Amino acid sequence: MANTSENTPKKSSTKADEEQSEERSPEKGNARKPGPMQVLRAAREQISELTGMPAESVSSFEQTENGWVLLVEVLELERVPDTMSLLASYEVQLDPDGELTGYRRVGRYERGRADKK
């Protein structure tokens, strides 16, 4: 019986294909960690899902040795006019893979109010 593997052309893989397969295989020790933009997007989605309120922006983020710490601005109560809407700042902790490990509300304010000096 003839070996057909010698007659079939092999698909050449590109660097992008290799990077995607590395990202999909968590068993590899060198799996890529998410970058800052992926972490920011994931944090906004996760805090919105947990609180049931829309995350409007990320006002700060920092990578730590334990993961990430972000300050996310959440719309807690929509009012008319919009400048009277209530927002809250949430401190959000994520592990190195971008999964939320904890959060807490650290402040609440009206949209139209400036920070006190």
# chains A, B, ... in the order shown; residues from 1 in each chain; ligands from 1

$ residues_around --residues "A:Gly107" --least-positions-apart "3" --cutoff "10 Å" --atoms "only C-alpha atoms" --output "MDAnalysis selection string"
chainID A and resid 73 87:91 104

$ residues_around --residues "stretch 33-40 of chain A" --least-positions-apart "4" --cutoff "9 Å" --atoms "only C-alpha atoms" --output "PDB file with all heavy atoms, in the first residue's frame"
ATOM      1  N   GLU A  23      -2.576  30.983  21.543  1.00  0.00           N
ATOM      2  CA  GLU A  23      -3.570  31.629  22.387  1.00  0.00           C
ATOM      3  C   GLU A  23      -4.679  30.656  22.759  1.00  0.00           C
ATOM      4  O   GLU A  23      -5.236  30.723  23.830  1.00  0.00           O
ATOM      5  CB  GLU A  23      -4.184  32.840  21.676  1.00  0.00           C
ATOM      6  CG  GLU A  23      -3.231  33.998  21.564  1.00  0.00           C
ATOM      7  CD  GLU A  23      -3.825  35.152  20.770  1.00  0.00           C
ATOM      8  OE1 GLU A  23      -5.021  35.083  20.397  1.00  0.00           O
ATOM      9  OE2 GLU A  23      -3.093  36.119  20.519  1.00  0.00           O
ATOM     10  N   ARG A  44     -14.638  46.173  31.615  1.00  0.00           N
ATOM     11  CA  ARG A  44     -15.896  46.907  31.415  1.00  0.00           C
ATOM     12  C   ARG A  44     -17.061  45.943  31.244  1.00  0.00           C
ATOM     13  O   ARG A  44     -18.131  46.135  31.822  1.00  0.00           O
ATOM     14  CB  ARG A  44     -15.793  47.824  30.199  1.00  0.00           C
ATOM     15  CG  ARG A  44     -14.926  49.047  30.452  1.00  0.00           C
ATOM     16  CD  ARG A  44     -14.844  49.940  29.259  1.00  0.00           C
ATOM     17  NE  ARG A  44     -16.168  50.495  28.968  1.00  0.00           N
ATOM     18  CZ  ARG A  44     -16.422  51.291  27.946  1.00  0.00           C
ATOM     19  NH1 ARG A  44     -15.465  51.631  27.123  1.00  0.00           N
ATOM     20  NH2 ARG A  44     -17.635  51.760  27.746  1.00  0.00           N
ATOM     21  N   GLU A  45     -16.865  44.901  30.443  1.00  0.00           N
ATOM     22  CA  GLU A  45     -17.934  43.922  30.228  1.00  0.00           C
ATOM     23  C   GLU A  45     -18.292  43.200  31.522  1.00  0.00           C
ATOM     24  O   GLU A  45     -19.477  43.037  31.847  1.00  0.00           O
ATOM     25  CB  GLU A  45     -17.502  42.890  29.176  1.00  0.00           C
ATOM     26  CG  GLU A  45     -17.434  43.433  27.770  1.00  0.00           C
ATOM     27  CD  GLU A  45     -16.862  42.427  26.787  1.00  0.00           C
ATOM     28  OE1 GLU A  45     -16.722  41.232  27.143  1.00  0.00           O
ATOM     29  OE2 GLU A  45     -16.540  42.837  25.661  1.00  0.00           O
ATOM     30  N   VAL A  58     -13.058  53.742  31.493  1.00  0.00           N
ATOM     31  CA  VAL A  58     -12.017  53.330  32.439  1.00  0.00           C
ATOM     32  C   VAL A  58     -11.150  54.557  32.652  1.00  0.00           C
ATOM     33  O   VAL A  58     -10.528  55.059  31.717  1.00  0.00           O
ATOM     34  CB  VAL A  58     -11.182  52.153  31.890  1.00  0.00           C
ATOM     35  CG1 VAL A  58     -10.042  51.811  32.840  1.00  0.00           C
ATOM     36  CG2 VAL A  58     -12.071  50.939  31.660  1.00  0.00           C
ATOM     37  N   PHE A  61      -5.853  52.616  34.987  1.00  0.00           N
ATOM     38  CA  PHE A  61      -5.509  51.210  35.117  1.00  0.00           C
ATOM     39  C   PHE A  61      -4.025  51.076  35.398  1.00  0.00           C
ATOM     40  O   PHE A  61      -3.233  51.948  35.065  1.00  0.00           O
ATOM     41  CB  PHE A  61      -5.913  50.392  33.882  1.00  0.00           C
ATOM     42  CG  PHE A  61      -5.015  50.578  32.687  1.00  0.00           C
ATOM     43  CD1 PHE A  61      -4.013  49.672  32.415  1.00  0.00           C
ATOM     44  CD2 PHE A  61      -5.192  51.655  31.840  1.00  0.00           C
ATOM     45  CE1 PHE A  61      -3.188  49.843  31.314  1.00  0.00           C
ATOM     46  CE2 PHE A  61      -4.385  51.837  30.735  1.00  0.00           C
ATOM     47  CZ  PHE A  61      -3.386  50.921  30.470  1.00  0.00           C
ATOM     48  N   GLN A  63      -0.967  47.805  35.887  1.00  0.00           N
ATOM     49  CA  GLN A  63      -0.593  46.405  35.960  1.00  0.00           C
ATOM     50  C   GLN A  63       0.234  46.204  37.221  1.00  0.00           C
ATOM     51  O   GLN A  63       1.163  46.973  37.493  1.00  0.00           O
ATOM     52  CB  GLN A  63       0.209  45.980  34.730  1.00  0.00           C
ATOM     53  CG  GLN A  63       0.468  44.496  34.692  1.00  0.00           C
ATOM     54  CD  GLN A  63       1.068  44.048  33.373  1.00  0.00           C
ATOM     55  OE1 GLN A  63       1.581  44.850  32.602  1.00  0.00           O
ATOM     56  NE2 GLN A  63       1.014  42.767  33.121  1.00  0.00           N
ATOM     57  N   TRP A  68      -4.143  43.183  37.499  1.00  0.00           N
ATOM     58  CA  TRP A  68      -4.482  44.540  37.066  1.00  0.00           C
ATOM     59  C   TRP A  68      -5.401  45.187  38.079  1.00  0.00           C
ATOM     60  O   TRP A  68      -6.234  44.516  38.697  1.00  0.00           O
ATOM     61  CB  TRP A  68      -5.206  44.504  35.722  1.00  0.00           C
ATOM     62  CG  TRP A  68      -4.438  43.864  34.620  1.00  0.00           C
ATOM     63  CD1 TRP A  68      -4.353  42.530  34.338  1.00  0.00           C
ATOM     64  CD2 TRP A  68      -3.640  44.515  33.634  1.00  0.00           C
ATOM     65  NE1 TRP A  68      -3.551  42.326  33.248  1.00  0.00           N
ATOM     66  CE2 TRP A  68      -3.113  43.523  32.793  1.00  0.00           C
ATOM     67  CE3 TRP A  68      -3.340  45.848  33.377  1.00  0.00           C
ATOM     68  CZ2 TRP A  68      -2.300  43.822  31.708  1.00  0.00           C
ATOM     69  CZ3 TRP A  68      -2.525  46.144  32.300  1.00  0.00           C
ATOM     70  CH2 TRP A  68      -2.010  45.139  31.480  1.00  0.00           C
ATOM     71  N   LEU A  70      -8.049  48.576  38.070  1.00  0.00           N
ATOM     72  CA  LEU A  70      -8.647  49.598  37.217  1.00  0.00           C
ATOM     73  C   LEU A  70      -9.655  50.407  38.010  1.00  0.00           C
ATOM     74  O   LEU A  70     -10.221  49.919  38.984  1.00  0.00           O
ATOM     75  CB  LEU A  70      -9.390  48.955  36.045  1.00  0.00           C
ATOM     76  CG  LEU A  70      -8.580  48.145  35.050  1.00  0.00           C
ATOM     77  CD1 LEU A  70      -8.439  46.712  35.485  1.00  0.00           C
ATOM     78  CD2 LEU A  70      -9.224  48.222  33.702  1.00  0.00           C
ATOM     79  N   LEU A  94      -8.301  42.520  38.648  1.00  0.00           N
ATOM     80  CA  LEU A  94      -8.320  41.393  37.721  1.00  0.00           C
ATOM     81  C   LEU A  94      -7.035  40.589  37.883  1.00  0.00           C
ATOM     82  O   LEU A  94      -5.991  41.149  38.245  1.00  0.00           O
ATOM     83  CB  LEU A  94      -8.430  41.877  36.277  1.00  0.00           C
ATOM     84  CG  LEU A  94      -9.716  42.626  35.948  1.00  0.00           C
ATOM     85  CD1 LEU A  94      -9.438  44.099  35.816  1.00  0.00           C
ATOM     86  CD2 LEU A  94     -10.325  42.091  34.691  1.00  0.00           C
ATOM     87  N   PRO A  96      -3.914  38.105  36.273  1.00  0.00           N
ATOM     88  CA  PRO A  96      -3.066  38.349  35.091  1.00  0.00           C
ATOM     89  C   PRO A  96      -3.718  37.967  33.764  1.00  0.00           C
ATOM     90  O   PRO A  96      -3.356  38.492  32.713  1.00  0.00           O
ATOM     91  CB  PRO A  96      -1.827  37.483  35.359  1.00  0.00           C
ATOM     92  CG  PRO A  96      -1.766  37.372  36.841  1.00  0.00           C
ATOM     93  CD  PRO A  96      -3.200  37.314  37.290  1.00  0.00           C
ATOM     94  N   ASP A  97      -4.718  37.063  33.794  1.00  0.00           N
ATOM     95  CA  ASP A  97      -5.407  36.648  32.576  1.00  0.00           C
ATOM     96  C   ASP A  97      -6.584  37.553  32.229  1.00  0.00           C
ATOM     97  O   ASP A  97      -7.282  37.327  31.243  1.00  0.00           O
ATOM     98  CB  ASP A  97      -5.906  35.211  32.709  1.00  0.00           C
ATOM     99  CG  ASP A  97      -4.750  34.234  32.825  1.00  0.00           C
ATOM    100  OD1 ASP A  97      -3.735  34.432  32.127  1.00  0.00           O
ATOM    101  OD2 ASP A  97      -4.861  33.279  33.612  1.00  0.00           O
ATOM    102  N   GLY A  98      -6.852  38.580  33.062  1.00  0.00           N
ATOM    103  CA  GLY A  98      -7.930  39.508  32.779  1.00  0.00           C
ATOM    104  C   GLY A  98      -9.280  39.117  33.359  1.00  0.00           C
ATOM    105  O   GLY A  98     -10.289  39.717  33.033  1.00  0.00           O
ATOM    106  N   GLU A  99      -9.306  38.114  34.236  1.00  0.00           N
ATOM    107  CA  GLU A  99     -10.553  37.696  34.875  1.00  0.00           C
ATOM    108  C   GLU A  99     -10.762  38.489  36.156  1.00  0.00           C
ATOM    109  O   GLU A  99      -9.844  38.607  36.978  1.00  0.00           O
ATOM    110  CB  GLU A  99     -10.539  36.197  35.182  1.00  0.00           C
ATOM    111  CG  GLU A  99     -10.545  35.330  33.949  1.00  0.00           C
ATOM    112  CD  GLU A  99     -11.801  35.499  33.113  1.00  0.00           C
ATOM    113  OE1 GLU A  99     -12.914  35.566  33.672  1.00  0.00           O
ATOM    114  OE2 GLU A  99     -11.665  35.569  31.877  1.00  0.00           O
TER     115      GLU A  99
END

$ atom_distance --atom1 "atom CA of A:Ile47" --atom2 "atom CA of A:Val69"
12.8 Å

$ closest_residue --among "A:Arg111, A:Val92, A:Lys116, A:Ala43" --to "A:Val80" --atoms "only C-alpha atoms"
A:Arg111

$ closest_residue --among "A:Tyr109, A:Ala114, A:Tyr103, A:Arg32" --to "A:Leu50" --atoms "only C-alpha atoms"
A:Tyr103

$ closest_residue --among "A:Arg113, A:Gly67, A:Glu49, A:Arg41" --to "A:Thr101" --atoms "only C-alpha atoms"
A:Gly67

$ closest_residue --among "A:Leu86, A:Leu77, A:Ala42, A:Met53" --to "A:Leu100" --atoms "only C-alpha atoms"
A:Ala42

$ select_by_dssp --residues "stretch 52-101 of chain A" --states "strand (DSSP E)" --output "number ranges by chain"
A: 55-64, 67-77, 86-94, 100-101

$ select_by_dssp --residues "stretch 20-93 of chain A" --states "alpha helix (DSSP H)" --output "NGL selection string"
:A and (20-24 or 36-51)

$ closest_residue --among "A:Ala31, A:Met84, A:Gln93, A:Ser48" --to "A:Ser60" --atoms "only C-alpha atoms"
A:Gln93
